[in-house]
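J.: Data: start.cif, mmCIF, C-alpha atoms, pLDDT in the B column; chains and numbers go by the auth columns.
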data_target
loop_
_atom_site.group_PDB
_atom_site.id
_atom_site.type_symbol
_atom_site.label_atom_id
_atom_site.label_comp_id
_atom_site.label_asym_id
_atom_site.label_seq_id
_atom_site.Cartn_x
_atom_site.Cartn_y
_atom_site.Cartn_z
_atom_site.B_iso_or_equiv
_atom_site.auth_seq_id
_atom_site.auth_asym_id
ATOM 1 C CA MET A 1 31.767 88.197 69.586 50.00 1 A
ATOM 2 C CA SER A 2 29.320 87.960 66.690 52.00 2 A
ATOM 3 C CA ASP A 3 25.806 86.811 67.554 60.00 3 A
ATOM 4 C CA THR A 4 25.617 84.987 64.213 68.00 4 A
ATOM 5 C CA PRO A 5 25.583 81.261 64.958 71.00 5 A
ATOM 6 C CA PRO A 6 28.252 79.177 63.254 76.00 6 A
ATOM 7 C CA PRO A 7 27.225 77.144 60.211 85.00 7 A
ATOM 8 C CA THR A 8 26.537 73.560 61.182 87.00 8 A
ATOM 9 C CA ASP A 9 26.761 72.144 57.652 88.00 9 A
ATOM 10 C CA ARG A 10 29.126 72.530 54.733 91.00 10 A
ATOM 11 C CA GLU A 11 29.053 75.962 53.096 88.00 11 A
ATOM 12 C CA SER A 12 31.463 75.377 50.203 90.00 12 A
ATOM 13 C CA PRO A 13 30.329 73.564 47.041 92.00 13 A
ATOM 14 C CA VAL A 14 29.979 69.788 47.171 95.00 14 A
ATOM 15 C CA GLY A 15 33.116 68.042 45.972 93.00 15 A
ATOM 16 C CA GLN A 16 35.347 71.104 46.192 92.00 16 A
ATOM 17 C CA PRO A 17 38.664 70.286 47.930 92.00 17 A
ATOM 18 C CA VAL A 18 38.586 73.211 50.363 92.00 18 A
ATOM 19 C CA ILE A 19 40.504 71.345 53.065 93.00 19 A
ATOM 20 C CA ARG A 20 42.162 68.655 50.946 93.00 20 A
ATOM 21 C CA GLY A 21 43.580 71.298 48.601 93.00 21 A
ATOM 22 C CA ASP A 22 44.941 73.581 51.315 92.00 22 A
ATOM 23 C CA PRO A 23 48.691 73.115 51.993 92.00 23 A
ATOM 24 C CA GLN A 24 48.142 74.437 55.522 89.00 24 A
ATOM 25 C CA PHE A 25 46.330 71.199 56.324 87.00 25 A
ATOM 26 C CA THR A 26 47.616 68.666 53.811 86.00 26 A
ATOM 27 C CA GLY A 27 51.124 69.902 53.057 86.00 27 A
ATOM 28 C CA ASP A 28 52.700 68.712 49.812 87.00 28 A
ATOM 29 C CA ARG A 29 49.666 66.506 49.122 85.00 29 A
ATOM 30 C CA ALA A 30 47.472 69.551 48.457 87.00 30 A
ATOM 31 C CA PRO A 31 48.199 69.649 44.677 85.00 31 A
ATOM 32 C CA GLU A 32 46.943 66.055 44.456 85.00 32 A
ATOM 33 C CA ALA A 33 43.466 67.033 45.696 89.00 33 A
ATOM 34 C CA VAL A 34 40.730 65.947 43.319 90.00 34 A
ATOM 35 C CA GLN A 35 37.657 68.102 42.772 94.00 35 A
ATOM 36 C CA PHE A 36 34.403 66.283 42.099 96.00 36 A
ATOM 37 C CA ASP A 37 31.792 68.317 40.233 96.00 37 A
ATOM 38 C CA PRO A 38 28.298 66.821 40.594 96.00 38 A
ATOM 39 C CA GLY A 39 27.184 68.789 37.536 96.00 39 A
ATOM 40 C CA ASP A 40 29.840 67.287 35.248 97.00 40 A
ATOM 41 C CA PRO A 41 29.060 63.759 33.948 97.00 41 A
ATOM 42 C CA ASP A 42 32.762 62.891 33.599 97.00 42 A
ATOM 43 C CA SER A 43 33.453 64.060 37.139 97.00 43 A
ATOM 44 C CA VAL A 44 30.473 62.081 38.461 97.00 44 A
ATOM 45 C CA ALA A 45 31.838 59.001 36.691 98.00 45 A
ATOM 46 C CA ALA A 46 35.213 59.604 38.370 97.00 46 A
ATOM 47 C CA ALA A 47 33.422 59.968 41.700 97.00 47 A
ATOM 48 C CA ALA A 48 31.673 56.633 41.148 98.00 48 A
ATOM 49 C CA ASP A 49 35.013 54.937 40.476 96.00 49 A
ATOM 50 C CA THR A 50 36.520 56.565 43.564 95.00 50 A
ATOM 51 C CA VAL A 51 33.605 55.478 45.756 97.00 51 A
ATOM 52 C CA GLU A 52 33.858 51.906 44.501 95.00 52 A
ATOM 53 C CA ALA A 53 37.601 51.804 45.215 93.00 53 A
ATOM 54 C CA PHE A 54 37.049 53.513 48.571 93.00 54 A
ATOM 55 C CA ALA A 55 34.368 51.021 49.595 93.00 55 A
ATOM 56 C CA ASN A 56 36.596 48.121 48.603 89.00 56 A
ATOM 57 C CA ASN A 57 39.681 49.708 50.184 81.00 57 A
ATOM 58 C CA THR A 58 41.631 49.749 46.941 60.00 58 A
ATOM 59 C CA ALA A 59 42.005 53.515 46.463 53.00 59 A
ATOM 60 C CA GLY A 60 45.196 53.977 48.420 55.00 60 A
ATOM 61 C CA ALA A 61 46.537 54.103 51.966 56.00 61 A
ATOM 62 C CA PRO A 62 43.641 54.489 54.434 64.00 62 A
ATOM 63 C CA ASP A 63 44.741 57.782 55.981 82.00 63 A
ATOM 64 C CA ASN A 64 42.659 60.849 56.796 88.00 64 A
ATOM 65 C CA ILE A 65 43.146 62.608 53.453 89.00 65 A
ATOM 66 C CA TYR A 66 42.291 59.454 51.525 89.00 66 A
ATOM 67 C CA MET A 67 39.098 59.147 53.561 92.00 67 A
ATOM 68 C CA LEU A 68 38.159 62.782 53.016 93.00 68 A
ATOM 69 C CA ARG A 69 38.586 62.251 49.278 93.00 69 A
ATOM 70 C CA GLY A 70 36.318 59.215 49.475 95.00 70 A
ATOM 71 C CA ALA A 71 33.773 61.231 51.450 96.00 71 A
ATOM 72 C CA ALA A 72 33.866 63.983 48.816 96.00 72 A
ATOM 73 C CA ALA A 73 33.306 61.410 46.066 97.00 73 A
ATOM 74 C CA CYS A 74 30.332 59.966 47.979 97.00 74 A
ATOM 75 C CA ALA A 75 28.737 63.391 48.401 97.00 75 A
ATOM 76 C CA ALA A 76 29.307 64.398 44.772 97.00 76 A
ATOM 77 C CA LEU A 77 27.947 61.090 43.516 98.00 77 A
ATOM 78 C CA VAL A 78 24.791 61.466 45.614 98.00 78 A
ATOM 79 C CA ARG A 79 24.270 65.012 44.337 97.00 79 A
ATOM 80 C CA GLY A 80 24.978 64.003 40.760 97.00 80 A
ATOM 81 C CA GLU A 81 22.675 60.973 40.812 97.00 81 A
ATOM 82 C CA GLY A 82 19.970 62.583 42.916 97.00 82 A
ATOM 83 C CA SER A 83 19.612 59.906 45.607 97.00 83 A
ATOM 84 C CA TYR A 84 21.591 57.617 47.854 97.00 84 A
ATOM 85 C CA LYS A 85 20.078 54.578 46.184 97.00 85 A
ATOM 86 C CA ARG A 86 21.059 55.575 42.650 97.00 86 A
ATOM 87 C CA ALA A 87 24.496 56.607 43.869 98.00 87 A
ATOM 88 C CA ALA A 88 25.050 53.173 45.403 97.00 88 A
ATOM 89 C CA GLU A 89 23.859 51.463 42.234 97.00 89 A
ATOM 90 C CA ARG A 90 26.215 53.602 40.124 97.00 90 A
ATOM 91 C CA ALA A 91 29.191 52.841 42.388 97.00 91 A
ATOM 92 C CA GLY A 92 28.869 49.069 42.116 93.00 92 A
ATOM 93 C CA ALA A 93 27.246 45.998 43.626 91.00 93 A
ATOM 94 C CA ASP A 94 29.467 45.991 46.704 90.00 94 A
ATOM 95 C CA VAL A 95 28.679 49.585 47.671 96.00 95 A
ATOM 96 C CA THR A 96 25.768 50.063 50.075 96.00 96 A
ATOM 97 C CA VAL A 97 23.432 52.995 50.612 97.00 97 A
ATOM 98 C CA SER A 98 24.515 53.055 54.248 96.00 98 A
ATOM 99 C CA PHE A 99 28.191 53.364 53.307 96.00 99 A
ATOM 100 C CA ILE A 100 27.576 56.274 50.949 97.00 100 A
ATOM 101 C CA ARG A 101 25.247 58.060 53.365 97.00 101 A
ATOM 102 C CA LYS A 102 27.739 57.885 56.252 96.00 102 A
ATOM 103 C CA TRP A 103 30.655 59.266 54.264 96.00 103 A
ATOM 104 C CA ALA A 104 28.621 61.888 52.387 97.00 104 A
ATOM 105 C CA ARG A 105 27.595 63.235 55.790 95.00 105 A
ATOM 106 C CA VAL A 106 31.271 63.560 56.759 96.00 106 A
ATOM 107 C CA HIS A 107 31.845 65.669 53.642 96.00 107 A
ATOM 108 C CA ASP A 108 28.921 67.871 54.706 94.00 108 A
ATOM 109 C CA LEU A 109 30.325 68.620 58.177 96.00 109 A
ATOM 110 C CA PRO A 110 31.261 72.275 58.790 94.00 110 A
ATOM 111 C CA ARG A 111 34.763 73.379 57.874 93.00 111 A
ATOM 112 C CA PRO A 112 36.248 73.593 61.413 93.00 112 A
ATOM 113 C CA VAL A 113 35.371 69.959 62.061 95.00 113 A
ATOM 114 C CA ARG A 114 36.673 68.800 58.671 94.00 114 A
ATOM 115 C CA LYS A 115 39.900 70.698 59.366 93.00 115 A
ATOM 116 C CA TYR A 116 40.513 68.642 62.494 94.00 116 A
ATOM 117 C CA VAL A 117 39.795 65.473 60.521 94.00 117 A
ATOM 118 C CA ALA A 118 42.431 66.459 57.959 91.00 118 A
ATOM 119 C CA THR A 119 45.018 67.180 60.650 91.00 119 A
ATOM 120 C CA GLY A 120 44.330 63.907 62.457 91.00 120 A
ATOM 121 C CA LYS A 121 42.891 65.345 65.658 94.00 121 A
ATOM 122 C CA ILE A 122 39.518 63.788 64.856 95.00 122 A
ATOM 123 C CA ALA A 123 39.538 60.344 63.264 94.00 123 A
ATOM 124 C CA PRO A 124 37.402 59.998 60.112 93.00 124 A
ATOM 125 C CA THR A 125 35.589 57.066 61.726 93.00 125 A
ATOM 126 C CA THR A 126 34.758 59.351 64.655 96.00 126 A
ATOM 127 C CA ALA A 127 33.601 62.084 62.263 96.00 127 A
ATOM 128 C CA LYS A 128 31.084 59.634 60.790 96.00 128 A
ATOM 129 C CA HIS A 129 29.315 59.546 64.152 97.00 129 A
ATOM 130 C CA ILE A 130 29.577 63.298 64.766 97.00 130 A
ATOM 131 C CA ALA A 131 27.840 63.744 61.395 97.00 131 A
ATOM 132 C CA ARG A 132 24.850 61.766 62.687 96.00 132 A
ATOM 133 C CA ILE A 133 23.781 64.612 64.990 96.00 133 A
ATOM 134 C CA PRO A 134 22.483 68.060 63.979 92.00 134 A
ATOM 135 C CA GLY A 135 23.173 71.666 64.825 92.00 135 A
ATOM 136 C CA GLU A 136 25.759 73.137 67.171 93.00 136 A
ATOM 137 C CA THR A 137 25.842 69.847 69.057 96.00 137 A
ATOM 138 C CA ARG A 138 28.242 68.748 66.313 96.00 138 A
ATOM 139 C CA TYR A 139 30.766 71.339 67.453 96.00 139 A
ATOM 140 C CA GLN A 140 30.294 70.544 71.125 96.00 140 A
ATOM 141 C CA LEU A 141 30.951 66.866 70.560 97.00 141 A
ATOM 142 C CA ALA A 142 33.859 67.517 68.181 97.00 142 A
ATOM 143 C CA TRP A 143 35.604 69.736 70.747 96.00 143 A
ATOM 144 C CA ALA A 144 34.931 67.175 73.470 96.00 144 A
ATOM 145 C CA VAL A 145 36.623 64.554 71.279 96.00 145 A
ATOM 146 C CA ILE A 146 39.725 66.743 71.026 94.00 146 A
ATOM 147 C CA ASP A 147 39.812 67.889 74.642 93.00 147 A
ATOM 148 C CA HIS A 148 39.076 64.526 76.251 93.00 148 A
ATOM 149 C CA ASP A 149 40.571 62.004 73.800 91.00 149 A
ATOM 150 C CA LEU A 150 37.254 60.263 73.250 95.00 150 A
ATOM 151 C CA THR A 151 37.398 56.975 71.348 94.00 151 A
ATOM 152 C CA VAL A 152 35.219 56.014 68.412 95.00 152 A
ATOM 153 C CA ARG A 153 33.293 53.720 70.741 96.00 153 A
ATOM 154 C CA ASP A 154 32.753 56.603 73.195 96.00 154 A
ATOM 155 C CA VAL A 155 31.461 58.881 70.457 97.00 155 A
ATOM 156 C CA ARG A 156 29.193 56.239 68.963 97.00 156 A
ATOM 157 C CA SER A 157 27.629 55.662 72.384 97.00 157 A
ATOM 158 C CA ILE A 158 27.219 59.394 73.059 98.00 158 A
ATOM 159 C CA VAL A 159 25.613 59.960 69.660 98.00 159 A
ATOM 160 C CA THR A 160 23.200 57.103 70.290 97.00 160 A
ATOM 161 C CA ASP A 161 22.134 58.761 73.560 97.00 161 A
ATOM 162 C CA ILE A 162 21.694 62.127 71.825 97.00 162 A
ATOM 163 C CA ASN A 163 19.618 60.622 69.025 97.00 163 A
ATOM 164 C CA ASP A 164 17.502 58.890 71.658 97.00 164 A
ATOM 165 C CA GLY A 165 16.608 62.313 73.059 97.00 165 A
ATOM 166 C CA MET A 166 19.321 63.046 75.630 97.00 166 A
ATOM 167 C CA ASP A 167 20.987 66.475 75.627 96.00 167 A
ATOM 168 C CA ILE A 168 24.716 66.468 75.020 96.00 168 A
ATOM 169 C CA GLU A 169 25.664 67.745 78.481 96.00 169 A
ATOM 170 C CA PRO A 170 24.117 64.825 80.393 97.00 170 A
ATOM 171 C CA ALA A 171 25.329 62.439 77.688 97.00 171 A
ATOM 172 C CA LEU A 172 28.885 63.603 78.390 97.00 172 A
ATOM 173 C CA GLU A 173 28.417 63.822 82.166 96.00 173 A
ATOM 174 C CA LYS A 174 27.278 60.209 82.093 94.00 174 A
ATOM 175 C CA ARG A 175 30.843 59.418 81.019 93.00 175 A
ATOM 176 C CA GLY A 176 32.564 61.747 83.469 94.00 176 A
ATOM 177 C CA ILE A 177 33.077 64.609 81.002 94.00 177 A
ATOM 178 C CA ASP A 178 32.255 68.216 81.880 92.00 178 A
ATOM 179 C CA LEU A 179 31.344 70.079 78.685 91.00 179 A
ATOM 180 C CA GLY A 180 33.377 73.273 78.502 88.00 180 A
ATOM 181 C CA ARG A 181 36.159 72.147 80.809 87.00 181 A
ATOM 182 C CA LEU A 182 39.505 72.814 79.167 86.00 182 A
ATOM 183 C CA THR A 183 43.047 72.608 80.529 86.00 183 A
ATOM 184 C CA LEU A 184 45.356 75.305 79.158 88.00 184 A
ATOM 185 C CA SER A 185 49.133 75.564 79.178 93.00 185 A
ATOM 186 C CA LEU A 186 50.263 79.191 78.894 95.00 186 A
ATOM 187 C CA PRO A 187 53.659 80.857 78.644 96.00 187 A
ATOM 188 C CA ALA A 188 54.752 82.129 82.060 97.00 188 A
ATOM 189 C CA ASP A 189 54.317 85.814 81.136 96.00 189 A
ATOM 190 C CA THR A 190 50.821 85.202 79.754 95.00 190 A
ATOM 191 C CA TYR A 191 49.886 83.219 82.830 95.00 191 A
ATOM 192 C CA LEU A 192 51.048 86.041 85.102 96.00 192 A
ATOM 193 C CA THR A 193 49.036 88.560 83.066 96.00 193 A
ATOM 194 C CA LEU A 194 45.928 86.411 83.251 95.00 194 A
ATOM 195 C CA ARG A 195 46.234 86.036 87.004 96.00 195 A
ATOM 196 C CA ARG A 196 46.953 89.757 87.438 96.00 196 A
ATOM 197 C CA LEU A 197 43.857 90.717 85.431 95.00 197 A
ATOM 198 C CA ALA A 198 41.719 88.283 87.397 95.00 198 A
ATOM 199 C CA ALA A 199 42.950 89.729 90.699 96.00 199 A
ATOM 200 C CA GLN A 200 42.556 93.295 89.446 94.00 200 A
ATOM 201 C CA ASP A 201 38.918 92.672 88.434 89.00 201 A
ATOM 202 C CA ASP A 202 38.175 90.470 91.436 93.00 202 A
ATOM 203 C CA SER A 203 37.191 87.690 89.044 93.00 203 A
ATOM 204 C CA SER A 204 38.471 84.290 87.992 95.00 204 A
ATOM 205 C CA PRO A 205 40.786 83.412 85.083 93.00 205 A
ATOM 206 C CA GLU A 206 37.789 81.770 83.418 93.00 206 A
ATOM 207 C CA GLN A 207 35.826 85.033 83.598 93.00 207 A
ATOM 208 C CA VAL A 208 38.737 87.023 82.171 93.00 208 A
ATOM 209 C CA ILE A 209 38.975 84.662 79.196 92.00 209 A
ATOM 210 C CA GLU A 210 35.205 84.630 78.700 90.00 210 A
ATOM 211 C CA THR A 211 35.056 88.451 78.721 90.00 211 A
ATOM 212 C CA ALA A 212 37.942 88.667 76.256 89.00 212 A
ATOM 213 C CA LEU A 213 36.317 86.216 73.864 86.00 213 A
ATOM 214 C CA GLU A 214 32.984 88.045 74.012 83.00 214 A
ATOM 215 C CA SER A 215 34.675 91.071 72.432 77.00 215 A
ATOM 216 C CA VAL A 216 36.183 89.099 69.563 72.00 216 A
ATOM 217 C CA GLU A 217 34.640 89.342 66.110 62.00 217 A
ATOM 218 C CA THR A 218 35.244 86.150 64.169 61.00 218 A
ATOM 219 C CA ASP A 219 34.553 84.920 60.675 55.00 219 A
ATOM 220 C CA ALA A 220 36.628 81.795 61.241 50.00 220 A
ATOM 221 C CA TRP A 221 33.685 79.456 60.815 51.00 221 A
#
Any chance you could put this one into structure tokens?
T.:
Amino acid sequence: MSDTPPPTDRESPVGQPVIRGDPQFTGDRAPEAVQFDPGDPDSVAAAADTVEAFANNTAGAPDNIYMLRGAAACAALVRGEGSYKRAAERAGADVTVSFIRKWARVHDLPRPVRKYVATGKIAPTTAKHIARIPGETRYQLAWAVIDHDLTVRDVRSIVTDINDGMDIEPALEKRGIDLGRLTLSLPADTYLTLRRLAAQDDSSPEQVIETALESVETDAW
């Protein structure tokens, strides 16, 4: 496995519909994806209109793709205007700095996390809280959300503990969650192979999987 740590922030250009425009994640809605270019005045104006409608819940059905579009508009508007304050002023009187900051941070999450937002495995409202913490902790919490069906309230509380100085492992343990614990369902043949390899090497299934993953080169981040 590569020693290069995964990116913990967005790598693709701000406003580009990398996930929203991919049919793998958004199906027949992919062609509808809107790109917001913070360097184009017309596109920034469109982003401001989108943010205003998003903040007032008038931009369409409040599903995950709609929210990712709103997040992209927030991020592009901030970049285009140069500050959260000016972005909020441009979007309208009812749009707050806090609103724009929260959703712009969602747009800036790394691609694997945004992918799970698009597919519904992580709620956008949960992603807002994941975006409040830095580094690889974002991934650890995102995977815990998926593996343990954490609620928005759970995640908000965990993030508060982390931002107060607690490491993620004790923050999860406090709620009965063991970071790294994962239940797998395997086809019978694969299960038999896993058990055979573990017995052959006098190890555990966990060690077999860990060893296999250590040899994998990935650019999937």
J.: For Met67 (chain A), list every protein, DNA or RNA residue within 9 Å, evaluated using all atoms listed in the file, and leave out those in the same chain fewer than 3 positions away; present the list as a PDB file with C-alpha atoms, in the coordinates of the input.
T.:
ATOM      1  CA  PHE A  54      37.049  53.513  48.571  1.00 93.00           C
ATOM      2  CA  PRO A  62      43.641  54.489  54.434  1.00 64.00           C
ATOM      3  CA  ASP A  63      44.741  57.782  55.981  1.00 82.00           C
ATOM      4  CA  ASN A  64      42.659  60.849  56.796  1.00 88.00           C
ATOM      5  CA  GLY A  70      36.318  59.215  49.475  1.00 95.00           C
ATOM      6  CA  ALA A  71      33.773  61.231  51.450  1.00 96.00           C
ATOM      7  CA  ALA A  72      33.866  63.983  48.816  1.00 96.00           C
ATOM      8  CA  TRP A 103      30.655  59.266  54.264  1.00 96.00           C
ATOM      9  CA  PRO A 124      37.402  59.998  60.112  1.00 93.00           C
TER      10      PRO A 124
END
J.: To verify the selection step, state as a ChimeraX atom specification which residues the PyMOL selection byres ((chain A and resi 80-90) around 9) yields on this input.
T.: /A:37-41,44-45,48-49,51-52,74-79,91-101
J.: Run the PyMOL selection byres ((chain A and resi 132) around 9) on the file and write out the hits as JSON, numbers by chain.
T.: {"A": [102, 105, 106, 127, 128, 129, 130, 131, 133, 134, 138, 159, 163]}
J.: Do you know which residues are at most 12 Å from region 184-186 of chain A counting all atoms listed in the file, after dropping those on the same chain fewer than 3 positions away, and could you put them as a list in words?
T.: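 Counting all atoms listed in the file, the residues come to Asp147, Arg181, Asp189, Thr190, Tyr191, Leu192, Thr193, Leu194, Arg195, Pro205, Glu206 and Ile209 of chain A.
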J.: Tell me which of A:Ile158, A:Tyr139, A:Ala198, A:Val18 sits closest to Ala30 (chain A), counting all atoms listed in the file.
T.: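 Nearest candidate to Ala30 (chain A) out of A:Ile158, A:Tyr139, A:Ala198, A:Val18: A:Val18.
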J.: List, as a PyMOL selection string, every residue that the PyMOL selection byres ((chain A and resi 171) around 12) selects in the file provided.
T.: chain A and resi 137+140-141+144+154-170+172-179
J.: Show me as number ranges by chain the residues that reach within 6 Å of (35.4, 64.3, 45.7), counting all atoms listed in the file and using the file's own coordinates.
T.: A: 15, 35-36, 69, 72-73
J.: Could you check which of A:Ala142, A:Leu150, A:Ile65, A:Ala33 is closest to Gly120 (chain A), using only C-alpha atoms?
T.: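 Closest candidate: A:Ile65.
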J.: Given 6 Å of margin on each side, can you work out the centre and size in Å (one decimal) of an axis-aligned box holding every listed atom of region 213-216 of chain A, as JSON?
T.:
{"center_x": 34.7, "center_y": 88.6, "center_z": 71.8, "size_x": 15.3, "size_y": 16.9, "size_z": 16.4}
J.: Using all atoms listed in the file, which of A:Gly180, A:Gly135, A:Pro110, A:Pro187 sits nearest Glu11 (chain A)?
T.: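 Closest to Glu11 (chain A), using all atoms listed in the file: A:Pro110.
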J.: Kindly give the distance, in Å, that separates CA of Ser203 (chain A) and CA of Ile146 (chain A), rounded to a single decimal.
T.: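 A separation of 27.7 Å between them.
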J.: How far is it from CA of Arg153 (chain A) to CA of Thr126 (chain A), in Å with one decimal?
T.: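 Calculated distance between CA of Arg153 (chain A) and CA of Thr126 (chain A) is 8.4 Å.
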J.: What does the structure give for the distance between CA of Asn57 (chain A) and CA of Val14 (chain A), in Å to one decimal?
T.: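 Between CA of Asn57 (chain A) and CA of Val14 (chain A) the gap works out to 22.5 Å.
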J.: Will you model N, CA and C atoms for region 36-47 of chain A and pass it back as a short mmCIF file (atom, residue, chain, number, x, y, z; two decimals), in the coordinates of the input?
T.:
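Once everything was written out, this is result.cif:
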data_model
loop_
_atom_site.label_atom_id
_atom_site.label_comp_id
_atom_site.auth_asym_id
_atom_site.auth_seq_id
_atom_site.Cartn_x
_atom_site.Cartn_y
_atom_site.Cartn_z
N PHE A 36 35.51 67.01 42.71
CA PHE A 36 34.40 66.28 42.10
C PHE A 36 33.25 67.26 41.86
N ASP A 37 32.86 67.39 40.60
CA ASP A 37 31.79 68.32 40.23
C ASP A 37 30.52 67.52 39.94
N PRO A 38 29.52 67.61 40.82
CA PRO A 38 28.30 66.82 40.59
C PRO A 38 27.51 67.23 39.35
N GLY A 39 27.86 68.36 38.75
CA GLY A 39 27.18 68.79 37.54
C GLY A 39 27.89 68.37 36.26
N ASP A 40 29.03 67.71 36.40
CA ASP A 40 29.84 67.29 35.25
C ASP A 40 29.78 65.76 35.15
N PRO A 41 29.19 65.22 34.08
CA PRO A 41 29.06 63.76 33.95
C PRO A 41 30.39 63.01 34.08
N ASP A 42 31.46 63.56 33.50
CA ASP A 42 32.76 62.89 33.60
C ASP A 42 33.25 62.88 35.04
N SER A 43 33.03 63.98 35.74
CA SER A 43 33.45 64.06 37.14
C SER A 43 32.62 63.13 38.02
N VAL A 44 31.33 63.01 37.71
CA VAL A 44 30.47 62.08 38.46
C VAL A 44 30.93 60.64 38.22
N ALA A 45 31.32 60.34 36.99
CA ALA A 45 31.84 59.00 36.69
C ALA A 45 33.13 58.74 37.48
N ALA A 46 33.99 59.75 37.58
CA ALA A 46 35.21 59.60 38.37
C ALA A 46 34.88 59.42 39.84
N ALA A 47 33.85 60.12 40.32
CA ALA A 47 33.42 59.97 41.70
C ALA A 47 32.92 58.55 41.95
#
